[in-house]
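Heads up, work.csv below (CSV, C-alpha atoms and all ligand atoms):
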chain,number,residue,atom,x,y,z
A,1,MET,CA,-11.3,39.7,-34.8
A,2,GLN,CA,-10.6,42.4,-37.4
A,3,ALA,CA,-7.3,43.3,-35.8
A,4,PHE,CA,-6.5,39.6,-35.3
A,5,SER,CA,-6.7,38.7,-39.0
A,6,SER,CA,-4.9,41.8,-40.3
A,7,ARG,CA,-2.1,41.0,-38.0
A,8,PHE,CA,-1.8,37.7,-39.6
A,9,HIS,CA,-1.8,39.1,-43.0
A,10,ARG,CA,1.0,41.5,-42.1
A,11,MET,CA,3.0,38.5,-40.8
A,12,ALA,CA,2.2,36.5,-43.9
A,13,SER,CA,3.3,39.0,-46.6
A,14,PRO,CA,7.1,39.0,-46.0
A,15,SER,CA,7.3,35.3,-46.3
A,16,SER,CA,4.8,35.0,-49.2
A,17,VAL,CA,5.8,31.4,-49.4
A,18,CYS,CA,2.3,30.1,-49.0
A,19,ASN,CA,-0.4,32.8,-49.0
A,20,SER,CA,-3.2,30.4,-49.1
A,21,CYS,CA,-1.8,28.5,-46.1
A,22,TRP,CA,-2.0,31.8,-44.1
A,23,MET,CA,-5.5,32.3,-45.4
A,24,ILE,CA,-6.5,28.8,-44.2
A,25,LEU,CA,-4.9,29.4,-40.9
A,26,SER,CA,-6.7,32.7,-40.5
A,27,ILE,CA,-10.0,31.1,-41.2
A,28,ALA,CA,-9.3,28.3,-38.8
A,29,LEU,CA,-8.4,30.8,-36.1
A,30,ALA,CA,-11.5,32.9,-36.8
A,31,LEU,CA,-13.6,29.8,-36.5
A,32,GLY,CA,-11.8,28.9,-33.3
A,33,ILE,CA,-12.7,32.3,-31.9
A,34,LEU,CA,-16.3,31.9,-32.8
A,35,VAL,CA,-16.5,28.4,-31.3
A,36,HIS,CA,-14.8,29.8,-28.2
A,37,GLN,CA,-17.3,32.6,-28.0
A,38,ALA,CA,-20.3,30.3,-28.3
A,39,ASP,CA,-18.7,28.1,-25.6
A,40,ALA,CA,-17.4,30.9,-23.4
A,41,ARG,CA,-18.4,30.9,-19.8
A,42,ALA,CA,-21.2,33.2,-18.6
A,43,PHE,CA,-20.5,35.4,-15.6
A,44,PHE,CA,-23.0,36.6,-13.0
A,45,VAL,CA,-22.3,39.3,-10.4
A,46,PHE,CA,-24.3,40.0,-7.2
A,47,GLY,CA,-23.6,42.5,-4.4
A,48,ASP,CA,-22.8,46.1,-3.6
A,49,SER,CA,-20.8,49.1,-4.9
A,50,LEU,CA,-17.6,47.1,-5.0
A,51,VAL,CA,-19.0,45.2,-7.9
A,52,ASP,CA,-21.8,47.4,-9.3
A,53,SER,CA,-21.1,48.2,-12.9
A,54,GLY,CA,-23.9,50.7,-13.3
A,55,ASN,CA,-27.3,49.4,-12.2
A,56,ASN,CA,-27.7,52.4,-9.9
A,57,ASN,CA,-27.5,54.8,-12.9
A,58,TYR,CA,-31.0,53.6,-13.7
A,59,LEU,CA,-32.4,54.2,-10.2
A,60,ALA,CA,-33.5,57.2,-8.1
A,61,THR,CA,-30.8,56.9,-5.5
A,62,THR,CA,-27.9,58.9,-4.1
A,63,ALA,CA,-25.6,55.9,-4.3
A,64,ARG,CA,-24.2,56.5,-7.7
A,65,ALA,CA,-20.9,56.9,-9.6
A,66,ASP,CA,-22.0,58.3,-12.9
A,67,ALA,CA,-20.3,61.7,-12.8
A,68,PRO,CA,-16.6,62.6,-13.3
A,69,PRO,CA,-14.0,62.0,-12.0
A,70,TYR,CA,-15.4,58.4,-11.7
A,71,GLY,CA,-14.2,56.5,-14.8
A,72,ILE,CA,-11.2,58.8,-15.4
A,73,ASP,CA,-9.0,55.8,-16.3
A,74,TYR,CA,-11.8,53.7,-17.8
A,75,PRO,CA,-11.1,52.9,-21.5
A,76,THR,CA,-13.7,55.5,-22.6
A,77,ARG,CA,-12.4,58.0,-19.9
A,78,ARG,CA,-16.0,58.5,-18.9
A,79,PRO,CA,-18.0,57.6,-15.8
A,80,THR,CA,-20.0,54.4,-16.1
A,81,GLY,CA,-21.4,53.8,-12.6
A,82,ARG,CA,-18.4,51.8,-11.5
A,83,PHE,CA,-17.1,52.9,-8.1
A,84,SER,CA,-13.5,53.0,-9.5
A,85,ASN,CA,-11.2,55.3,-11.4
A,86,GLY,CA,-11.2,52.5,-14.1
A,87,LEU,CA,-12.0,48.9,-14.1
A,88,ASN,CA,-13.6,47.0,-11.2
A,89,ILE,CA,-13.1,43.4,-10.0
A,90,PRO,CA,-15.9,41.9,-12.2
A,91,ASP,CA,-14.2,43.6,-15.3
A,92,LEU,CA,-10.9,42.1,-14.4
A,93,ILE,CA,-12.3,38.6,-13.7
A,94,SER,CA,-14.0,38.8,-17.1
A,95,GLU,CA,-10.7,39.7,-18.7
A,96,GLN,CA,-9.2,36.6,-17.1
A,97,ILE,CA,-11.9,34.2,-18.3
A,98,GLY,CA,-11.7,35.8,-21.7
A,99,SER,CA,-15.1,37.2,-22.0
A,100,GLU,CA,-16.7,40.7,-22.2
A,101,SER,CA,-17.8,42.3,-18.9
A,102,PRO,CA,-21.4,41.4,-18.2
A,103,LEU,CA,-23.7,44.4,-18.6
A,104,PRO,CA,-25.7,45.8,-15.7
A,105,TYR,CA,-29.1,44.0,-15.5
A,106,LEU,CA,-31.0,47.3,-15.9
A,107,SER,CA,-29.1,48.3,-19.0
A,108,PRO,CA,-31.3,48.5,-22.0
A,109,GLU,CA,-28.4,47.1,-24.1
A,110,LEU,CA,-28.7,43.8,-22.2
A,111,LYS,CA,-30.7,41.9,-24.7
A,112,GLY,CA,-30.4,39.2,-27.5
A,113,GLN,CA,-27.0,37.5,-27.7
A,114,ARG,CA,-25.5,39.9,-25.2
A,115,LEU,CA,-27.6,38.1,-22.5
A,116,LEU,CA,-25.4,35.0,-23.1
A,117,VAL,CA,-22.4,36.7,-21.7
A,118,GLY,CA,-24.1,36.9,-18.3
A,119,ALA,CA,-25.4,39.8,-16.3
A,120,ASN,CA,-24.4,42.1,-13.4
A,121,PHE,CA,-27.2,42.5,-10.7
A,122,ALA,CA,-25.1,44.4,-8.1
A,123,SER,CA,-26.3,47.6,-6.7
A,124,ALA,CA,-24.3,50.1,-4.6
A,125,GLY,CA,-25.5,50.6,-1.1
A,126,ILE,CA,-27.1,47.2,-0.5
A,127,GLY,CA,-26.3,44.7,2.2
A,128,ILE,CA,-27.2,41.2,3.4
A,129,LEU,CA,-30.1,42.7,5.3
A,130,ASN,CA,-33.0,44.5,3.8
A,131,ASP,CA,-32.7,47.4,6.2
A,132,THR,CA,-29.1,48.1,5.1
A,133,GLY,CA,-28.8,51.2,2.9
A,134,ILE,CA,-32.3,52.5,3.5
A,135,GLN,CA,-30.9,56.0,3.3
A,136,PHE,CA,-30.1,55.3,-0.4
A,137,ILE,CA,-33.9,54.8,-1.1
A,138,ASN,CA,-34.2,53.0,-4.3
A,139,ILE,CA,-31.5,50.3,-4.6
A,140,ILE,CA,-31.7,46.6,-5.6
A,141,ARG,CA,-31.6,44.6,-2.4
A,142,MET,CA,-30.3,41.1,-2.4
A,143,SER,CA,-33.6,39.4,-2.6
A,144,ARG,CA,-34.5,41.5,-5.6
A,145,GLN,CA,-31.1,40.7,-7.3
A,146,LEU,CA,-31.9,37.0,-7.0
A,147,GLN,CA,-35.4,37.6,-8.3
A,148,TYR,CA,-33.9,39.4,-11.3
A,149,PHE,CA,-31.6,36.4,-11.8
A,150,LYS,CA,-34.7,34.2,-12.1
A,151,GLU,CA,-36.2,36.6,-14.6
A,152,TYR,CA,-32.9,36.7,-16.5
A,153,GLN,CA,-33.1,32.9,-16.8
A,154,GLN,CA,-36.6,33.1,-18.2
A,155,ARG,CA,-35.4,35.5,-20.8
A,156,VAL,CA,-32.5,33.3,-21.8
A,157,SER,CA,-34.8,30.3,-21.9
A,158,ALA,CA,-36.9,32.1,-24.4
A,159,LEU,CA,-33.8,32.8,-26.5
A,160,ILE,CA,-32.0,29.4,-26.5
A,161,GLY,CA,-34.4,27.0,-24.8
A,162,ALA,CA,-34.8,25.9,-21.3
A,163,GLN,CA,-32.2,23.1,-21.4
A,164,GLN,CA,-29.4,25.3,-22.9
A,165,ALA,CA,-30.3,28.1,-20.5
A,166,LYS,CA,-29.9,25.7,-17.5
A,167,ARG,CA,-26.6,24.5,-18.8
A,168,LEU,CA,-25.4,28.1,-19.3
A,169,VAL,CA,-26.3,28.9,-15.7
A,170,ASN,CA,-24.8,25.7,-14.3
A,171,ARG,CA,-21.5,26.3,-16.1
A,172,ALA,CA,-21.3,30.0,-15.3
A,173,LEU,CA,-18.9,31.7,-12.9
A,174,VAL,CA,-20.6,33.7,-10.2
A,175,LEU,CA,-19.2,36.4,-8.0
A,176,ILE,CA,-20.9,37.8,-4.8
A,177,THR,CA,-19.6,40.7,-2.8
A,178,VAL,CA,-21.8,41.9,0.0
A,179,GLY,CA,-21.6,42.6,3.8
A,180,GLY,CA,-19.5,45.7,4.3
A,181,ASN,CA,-22.5,47.9,4.2
A,182,ASP,CA,-24.3,45.9,6.9
A,183,PHE,CA,-21.6,47.5,9.2
A,184,VAL,CA,-20.9,50.9,7.8
A,185,ASN,CA,-24.3,51.7,6.4
A,186,ASN,CA,-26.3,50.0,9.1
A,187,TYR,CA,-24.9,49.0,12.5
A,188,TYR,CA,-22.3,51.8,12.6
A,189,LEU,CA,-24.1,54.4,10.5
A,190,VAL,CA,-25.2,56.4,13.5
A,191,PRO,CA,-24.4,56.0,17.2
A,192,ASN,CA,-27.1,53.9,18.8
A,193,SER,CA,-28.5,52.6,15.5
A,194,ALA,CA,-31.5,50.3,15.8
A,195,ARG,CA,-29.5,47.2,15.0
A,196,SER,CA,-26.8,48.1,17.5
A,197,ARG,CA,-29.5,48.4,20.2
A,198,GLN,CA,-31.0,45.1,19.1
A,199,TYR,CA,-27.7,43.1,19.0
A,200,ASP,CA,-24.3,43.3,20.5
A,201,LEU,CA,-21.6,42.9,17.8
A,202,PRO,CA,-20.9,39.2,18.1
A,203,ASP,CA,-24.7,38.4,17.9
A,204,TYR,CA,-25.1,40.8,14.9
A,205,VAL,CA,-22.3,39.0,13.1
A,206,LYS,CA,-24.0,35.6,13.7
A,207,TYR,CA,-27.3,37.0,12.4
A,208,LEU,CA,-25.6,38.4,9.3
A,209,ILE,CA,-23.9,35.0,8.6
A,210,SER,CA,-27.2,33.1,9.0
A,211,GLU,CA,-28.9,35.5,6.6
A,212,TYR,CA,-26.0,35.3,4.2
A,213,ARG,CA,-26.2,31.5,4.3
A,214,LYS,CA,-29.9,31.7,3.1
A,215,LEU,CA,-28.9,33.9,0.2
A,216,LEU,CA,-26.2,31.5,-0.9
A,217,MET,CA,-28.6,28.6,-0.7
A,218,ARG,CA,-31.0,30.5,-2.9
A,219,LEU,CA,-28.2,31.2,-5.4
A,220,TYR,CA,-27.5,27.5,-5.4
A,221,HIS,CA,-31.1,26.6,-6.0
A,222,LEU,CA,-31.2,29.1,-8.8
A,223,GLY,CA,-28.4,27.1,-10.5
A,224,GLY,CA,-25.2,28.7,-9.3
A,225,ARG,CA,-22.5,26.0,-9.2
A,226,ARG,CA,-19.2,28.0,-9.0
A,227,VAL,CA,-19.6,31.0,-6.8
A,228,LEU,CA,-16.7,33.2,-5.6
A,229,VAL,CA,-17.7,34.8,-2.3
A,230,THR,CA,-15.5,37.7,-1.1
A,231,GLY,CA,-15.2,38.8,2.6
A,232,THR,CA,-15.1,42.4,3.7
A,233,GLY,CA,-11.9,44.4,3.7
A,234,PRO,CA,-10.4,45.8,7.0
A,235,LEU,CA,-13.4,48.1,7.4
A,236,GLY,CA,-11.8,50.3,10.1
A,237,CYS,CA,-8.8,51.2,7.8
A,238,VAL,CA,-10.6,52.7,4.8
A,239,PRO,CA,-10.0,56.5,4.4
A,240,ALA,CA,-13.6,57.3,5.4
A,241,GLU,CA,-13.2,55.6,8.8
A,242,LEU,CA,-9.7,57.0,9.3
A,243,ALA,CA,-11.2,60.5,8.7
A,244,MET,CA,-14.2,60.0,11.0
A,245,ARG,CA,-13.0,57.8,13.8
A,246,SER,CA,-9.2,57.7,13.9
A,247,THR,CA,-7.4,59.7,16.5
A,248,ASN,CA,-3.8,58.9,15.9
A,249,GLY,CA,-3.8,57.6,12.3
A,250,GLY,CA,-4.6,54.1,13.4
A,251,CYS,CA,-7.6,52.1,12.1
A,252,SER,CA,-11.0,52.3,13.8
A,253,ALA,CA,-10.8,49.6,16.5
A,254,GLU,CA,-14.5,49.0,16.5
A,255,LEU,CA,-14.8,48.4,12.8
A,256,GLN,CA,-11.7,46.3,12.8
A,257,ARG,CA,-13.2,44.2,15.5
A,258,ALA,CA,-16.3,43.8,13.3
A,259,ALA,CA,-14.3,42.6,10.3
A,260,ALA,CA,-12.2,40.3,12.4
A,261,LEU,CA,-15.3,38.6,13.8
A,262,TYR,CA,-17.2,38.5,10.5
A,263,ASN,CA,-14.6,37.2,8.0
A,264,PRO,CA,-13.5,34.0,9.6
A,265,GLN,CA,-17.2,33.1,10.3
A,266,LEU,CA,-18.1,33.8,6.7
A,267,GLU,CA,-15.3,31.4,5.6
A,268,SER,CA,-16.4,28.6,7.9
A,269,MET,CA,-20.0,29.0,6.9
A,270,ILE,CA,-19.0,28.7,3.2
A,271,LEU,CA,-17.0,25.6,3.7
A,272,ASP,CA,-19.8,24.2,5.8
A,273,VAL,CA,-22.4,24.8,3.1
A,274,ASN,CA,-20.1,23.0,0.6
A,275,ARG,CA,-19.9,20.0,3.0
A,276,LYS,CA,-23.7,19.9,3.2
A,277,ILE,CA,-24.1,20.2,-0.6
A,278,GLY,CA,-21.3,17.7,-1.1
A,279,ARG,CA,-19.3,19.7,-3.6
A,280,ASP,CA,-17.2,22.8,-3.8
A,281,VAL,CA,-19.8,25.2,-5.1
A,282,PHE,CA,-18.7,28.2,-3.0
A,283,ILE,CA,-15.2,29.6,-3.0
A,284,ALA,CA,-14.1,31.9,-0.1
A,285,ALA,CA,-11.8,34.8,-1.2
A,286,ASP,CA,-10.1,36.3,1.8
A,287,THR,CA,-10.2,39.9,0.7
A,288,HIS,CA,-9.6,40.9,4.3
A,289,GLN,CA,-6.2,39.4,4.2
A,290,MET,CA,-5.5,40.7,0.7
A,291,HIS,CA,-6.3,44.3,1.8
A,292,ASN,CA,-4.3,43.9,5.0
A,293,ASP,CA,-1.3,43.2,2.8
A,294,PHE,CA,-1.6,46.6,1.3
A,295,PHE,CA,-1.9,48.2,4.7
A,296,SER,CA,1.1,46.5,6.2
A,297,SER,CA,3.4,47.3,3.2
A,298,PRO,CA,1.9,49.6,0.6
A,299,GLN,CA,5.3,50.1,-1.0
A,300,SER,CA,5.8,46.5,-1.9
A,301,PHE,CA,2.7,46.8,-4.1
A,302,GLY,CA,3.8,50.0,-5.7
A,303,PHE,CA,1.5,52.3,-3.6
A,304,THR,CA,2.8,55.4,-2.0
A,305,THR,CA,-0.2,55.3,0.4
A,306,SER,CA,-2.9,52.9,1.5
A,307,LYS,CA,-4.5,55.4,3.8
A,308,ILE,CA,-5.2,58.5,1.7
A,309,ALA,CA,-7.9,58.3,-1.0
A,310,CYS,CA,-7.0,59.6,-4.4
A,311,CYS,CA,-10.3,61.5,-4.7
A,312,GLY,CA,-12.1,63.2,-1.8
A,313,GLN,CA,-11.6,66.0,0.8
A,314,GLY,CA,-10.8,66.4,4.4
A,315,PRO,CA,-8.4,64.2,6.4
A,316,TYR,CA,-7.2,61.3,4.3
A,317,ASN,CA,-9.5,62.6,1.5
A,318,GLY,CA,-12.0,60.5,3.5
A,319,LEU,CA,-14.9,62.9,4.0
A,320,GLY,CA,-17.9,63.3,1.7
A,321,LEU,CA,-18.2,62.1,-1.9
A,322,CYS,CA,-15.7,62.0,-4.7
A,323,THR,CA,-16.9,64.8,-7.1
A,324,ALA,CA,-15.5,67.2,-9.7
A,325,LEU,CA,-14.7,69.6,-6.8
A,326,SER,CA,-12.7,67.1,-4.8
A,327,ASN,CA,-8.9,66.8,-4.5
A,328,LEU,CA,-7.8,64.4,-7.2
A,329,CYS,CA,-4.4,62.7,-7.3
A,330,PRO,CA,-2.5,62.8,-10.6
A,331,ASP,CA,-1.3,59.2,-10.6
A,332,ARG,CA,-4.1,56.7,-9.5
A,333,ASN,CA,-1.7,53.8,-9.6
A,334,LEU,CA,0.1,55.1,-6.5
A,335,TYR,CA,-3.1,54.9,-4.4
A,336,ALA,CA,-4.7,51.7,-2.9
A,337,PHE,CA,-7.9,53.7,-2.5
A,338,TRP,CA,-9.6,55.6,-5.2
A,339,ASP,CA,-12.3,57.2,-3.0
A,340,ALA,CA,-13.1,57.0,0.7
A,341,PHE,CA,-14.4,53.4,0.5
A,342,HIS,CA,-13.4,51.8,-2.8
A,343,PRO,CA,-10.1,50.5,-4.1
A,344,SER,CA,-8.3,51.9,-7.1
A,345,GLU,CA,-8.2,49.9,-10.4
A,346,LYS,CA,-4.6,49.1,-9.5
A,347,ALA,CA,-5.7,47.6,-6.1
A,348,ASN,CA,-8.5,45.7,-7.9
A,349,ARG,CA,-5.9,44.2,-10.2
A,350,ILE,CA,-3.8,42.9,-7.3
A,351,ILE,CA,-6.9,41.5,-5.6
A,352,THR,CA,-8.0,39.8,-8.8
A,353,GLN,CA,-4.6,38.3,-9.3
A,354,GLN,CA,-4.8,36.8,-5.8
A,355,ILE,CA,-8.3,35.4,-6.5
A,356,LEU,CA,-6.8,33.8,-9.6
A,357,THR,CA,-3.5,32.4,-8.3
A,358,GLY,CA,-3.5,32.9,-4.5
A,359,SER,CA,-2.5,30.1,-2.2
A,360,THR,CA,-5.0,28.5,0.2
A,361,ASP,CA,-4.2,31.2,2.7
A,362,TYR,CA,-6.3,33.5,0.5
A,363,MET,CA,-8.5,31.2,-1.5
A,364,LYS,CA,-10.5,28.3,0.0
A,365,PRO,CA,-10.8,25.5,-1.0
A,366,MET,CA,-8.9,26.6,-4.1
A,367,ASN,CA,-8.0,29.5,-6.4
A,368,LEU,CA,-9.8,30.5,-9.6
A,369,SER,CA,-7.1,29.1,-11.8
A,370,THR,CA,-7.6,25.7,-10.3
A,371,ILE,CA,-11.3,26.0,-10.8
A,372,LEU,CA,-11.0,27.0,-14.4
A,373,ALA,CA,-8.6,24.1,-15.0
A,374,LEU,CA,-10.9,21.6,-13.3
A,375,ASP,CA,-14.0,22.9,-15.1
A,376,SER,CA,-12.4,22.9,-18.5
A,377,ARG,CA,-12.1,19.1,-18.2
A,378,THR,CA,-15.8,18.5,-17.8
B,1,LIG,C1,-36.2,41.0,2.7
B,1,LIG,O1,-37.2,41.4,1.8
B,1,LIG,C2,-37.7,40.4,1.0
B,1,LIG,C3,-38.7,41.0,0.0
B,1,LIG,O2,-39.5,41.9,0.5
B,1,LIG,C4,-38.4,39.3,1.8
B,1,LIG,O3,-38.9,38.3,1.0
B,1,LIG,C5,-37.4,38.7,2.8
B,1,LIG,O4,-38.0,37.8,3.7
B,1,LIG,C6,-36.8,39.9,3.6
B,1,LIG,N1,-35.7,39.3,4.4
B,1,LIG,C7,-35.6,39.4,5.8
B,1,LIG,C8,-34.5,38.8,6.5
B,1,LIG,O5,-36.5,40.0,6.4
B,2,LIG,C1,-3.5,27.9,-7.2
B,2,LIG,O1,-3.6,27.1,-6.1
B,2,LIG,C2,-2.8,25.9,-6.2
B,2,LIG,C3,-3.2,25.0,-5.0
B,2,LIG,O2,-3.1,25.7,-3.8
B,2,LIG,C4,-1.4,26.2,-6.2
B,2,LIG,O3,-0.6,25.1,-6.3
B,2,LIG,C5,-1.1,27.1,-7.4
B,2,LIG,O4,0.2,27.5,-7.4
B,2,LIG,C6,-2.0,28.3,-7.3
B,2,LIG,N1,-1.8,29.1,-8.5
B,2,LIG,C7,-2.1,28.7,-9.7
B,2,LIG,C8,-1.8,29.6,-10.8
B,2,LIG,O5,-2.7,27.7,-10.0
Spit out the file's structure as structure tokens when you get a sec.
Amino acid sequence: MQAFSSRFHRMASPSSVCNSCWMILSIALALGILVHQADARAFFVFGDSLVDSGNNNYLATTARADAPPYGIDYPTRRPTGRFSNGLNIPDLISEQIGSESPLPYLSPELKGQRLLVGANFASAGIGILNDTGIQFINIIRMSRQLQYFKEYQQRVSALIGAQQAKRLVNRALVLITVGGNDFVNNYYLVPNSARSRQYDLPDYVKYLISEYRKLLMRLYHLGGRRVLVTGTGPLGCVPAELAMRSTNGGCSAELQRAAALYNPQLESMILDVNRKIGRDVFIAADTHQMHNDFFSSPQSFGFTTSKIACCGQGPYNGLGLCTALSNLCPDRNLYAFWDAFHPSEKANRIITQQILTGSTDYMKPMNLSTILALDSRT
């Protein structure tokens, strides 16, 4: 706001026709900003490392991104717990809806007025299933994320009253990104994993979808009314899988089969839930297709590669973790992947743009711009 008003004073002085007019205009603009802030839409985030903004920093877990070079392109140039060189998708959606990024729920700074912006409950390593990511020990599984959401609502009620708190939650935008780990950190984590002995792949996918449906219904019962749900990317094409499973540079067929089974069923489940509820609460974002676009023509998005991670080691920089000792590319904007599993900020920007303005090939039943326009009328 400081910068805003001084810019207006600079503009005003050359004319100096009506100084007080500029003053009045500045005050009006400042008031407008305050009203907008009070009325801004809260944003809640659930899911895994693709959307974790630092909850795991507060936990005893190995699934963390709080050391350099993570955050190398973040505004502070420091690691924050985001699994990105810079911003992640929640940050970029916040940018679009004109609000601050919601803080991690475990952050001690998340209190007072800051609560009204929303909260990020995501935790790297988790999946739809409770047994996904057990190797990461202490992470916030989905049922706990939802429990925290309930606790959050009690805290906000104490701050602004139950009715206003309910309104804030009902009007909020919600993002949930989960599911990839149920394959890479569960079913395919080790050969002959417990889940792969229990289910063949098509039945496992059905089980995941039925469990996911329960989570979405809980989110609805907790007040979520506009919920973006992303699918998984092409799991077999990420640098980690190329390094571990690819023989000729092609994507892992088995993980590609998993993603090809899972994503369409997720989408039809979401649309079915909307039909049952009788309104468009859940919005399916086809991140599988969005990522496939990078793979089929990286150059048309300005990437020199969609196979090699910017940070890592081994083939495709796809083995092990991204650490201070890893190879690090000089220009992160040329890479679709930042580390062995996670997109670069540049790729996150392209995905966010598709979420915002994508056609119904990508966004069902509609894109975020349409949602924002619809909701601004009510
Ligand atoms: C996952 O764990 C939570 C909390 O312990 C439990 O309530 C829930 O039923 C579990 N989900 C499944 C599918 O077992
Ligand atoms: C969003 O979706 C609508 C309907 O598919 C489409 O007409 C529009 O061009 C898309 N983009 C924006 C910015 O609304």
Exercise for review: Compare A:Gly71, A:Pro315, A:Gly127, A:Pro90 by their minimum atom-to-atom distance to ligand LIG 1 (chain B), counting all atoms listed in the file, and give me the closest one.
Suggested key: A:Gly127
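Distances from A:Phe282, A:Tyr74, A:Phe44, A:Phe136 to Thr61 (chain A) were compared using only C-alpha atoms, and the smallest one belongs to A:Phe136.
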Kindly provide, as JSON, the centre and edge lengths (Å, one decimal) of an axis-aligned box around all atoms of ligand LIG 2 (chain B) given in the file, with 6 Å on each side.
{"center_x": -1.7, "center_y": 27.3, "center_z": -7.3, "size_x": 15.8, "size_y": 16.6, "size_z": 19.0}
If you count only C-alpha atoms and all ligand atoms, which residues end up within 9 Å of ligand LIG 1 (chain B), as a compact mmCIF listing (two decimals) with C-alpha atoms, keeping the file's coordinate frame?
# COMPACT_ATOMS: atom_id res chain seq x y z
CA ILE A 128 -27.20 41.20 3.40
CA LEU A 129 -30.10 42.70 5.30
CA ASN A 130 -33.00 44.50 3.80
CA ASP A 131 -32.70 47.40 6.20
CA ARG A 141 -31.60 44.60 -2.40
CA MET A 142 -30.30 41.10 -2.40
CA SER A 143 -33.60 39.40 -2.60
CA ARG A 144 -34.50 41.50 -5.60
CA GLU A 211 -28.90 35.50 6.60
Exercise for review: Can you work out which one of A:Arg226, A:Asp203, A:Ala122, A:Asn138 has the shortest atom-to-atom distance to Val281 (chain A), counting all atoms listed in the file?
Suggested key: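 The answer is A:Arg226, which sits nearest to Val281 (chain A).
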Would you save region 300-327 of chain A from the block above with C-alpha atoms, as an mmCIF file, in the first residue's frame?
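Saved the output as part19.cif:
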data_model
loop_
_atom_site.group_PDB
_atom_site.id
_atom_site.type_symbol
_atom_site.label_atom_id
_atom_site.label_comp_id
_atom_site.auth_asym_id
_atom_site.auth_seq_id
_atom_site.Cartn_x
_atom_site.Cartn_y
_atom_site.Cartn_z
ATOM 1 C CA SER A 300 7.038 -24.984 -27.282
ATOM 2 C CA PHE A 301 6.932 -24.150 -23.554
ATOM 3 C CA GLY A 302 10.465 -22.765 -23.559
ATOM 4 C CA PHE A 303 12.056 -25.845 -21.937
ATOM 5 C CA THR A 304 15.236 -27.405 -23.247
ATOM 6 C CA THR A 305 14.292 -30.659 -21.500
ATOM 7 C CA SER A 306 11.336 -32.269 -19.783
ATOM 8 C CA LYS A 307 13.321 -35.374 -18.831
ATOM 9 C CA ILE A 308 16.358 -34.178 -16.920
ATOM 10 C CA ALA A 309 15.846 -32.642 -13.493
ATOM 11 C CA CYS A 310 17.604 -29.367 -12.778
ATOM 12 C CA CYS A 311 18.832 -30.583 -9.388
ATOM 13 C CA GLY A 312 19.984 -34.124 -8.637
ATOM 14 C CA GLN A 313 22.499 -36.771 -9.661
ATOM 15 C CA GLY A 314 22.736 -39.922 -11.729
ATOM 16 C CA PRO A 315 20.905 -40.508 -15.006
ATOM 17 C CA TYR A 316 18.444 -37.658 -15.719
ATOM 18 C CA ASN A 317 19.552 -36.207 -12.354
ATOM 19 C CA GLY A 318 16.845 -38.567 -11.159
ATOM 20 C CA LEU A 319 18.556 -40.495 -8.340
ATOM 21 C CA GLY A 320 18.557 -39.551 -4.665
ATOM 22 C CA LEU A 321 17.657 -36.187 -3.216
ATOM 23 C CA CYS A 322 18.358 -32.663 -4.388
ATOM 24 C CA THR A 323 21.020 -31.341 -1.982
ATOM 25 C CA ALA A 324 23.836 -28.808 -1.871
ATOM 26 C CA LEU A 325 26.102 -31.518 -3.353
ATOM 27 C CA SER A 326 23.855 -32.244 -6.368
ATOM 28 C CA ASN A 327 24.260 -31.076 -9.942
#
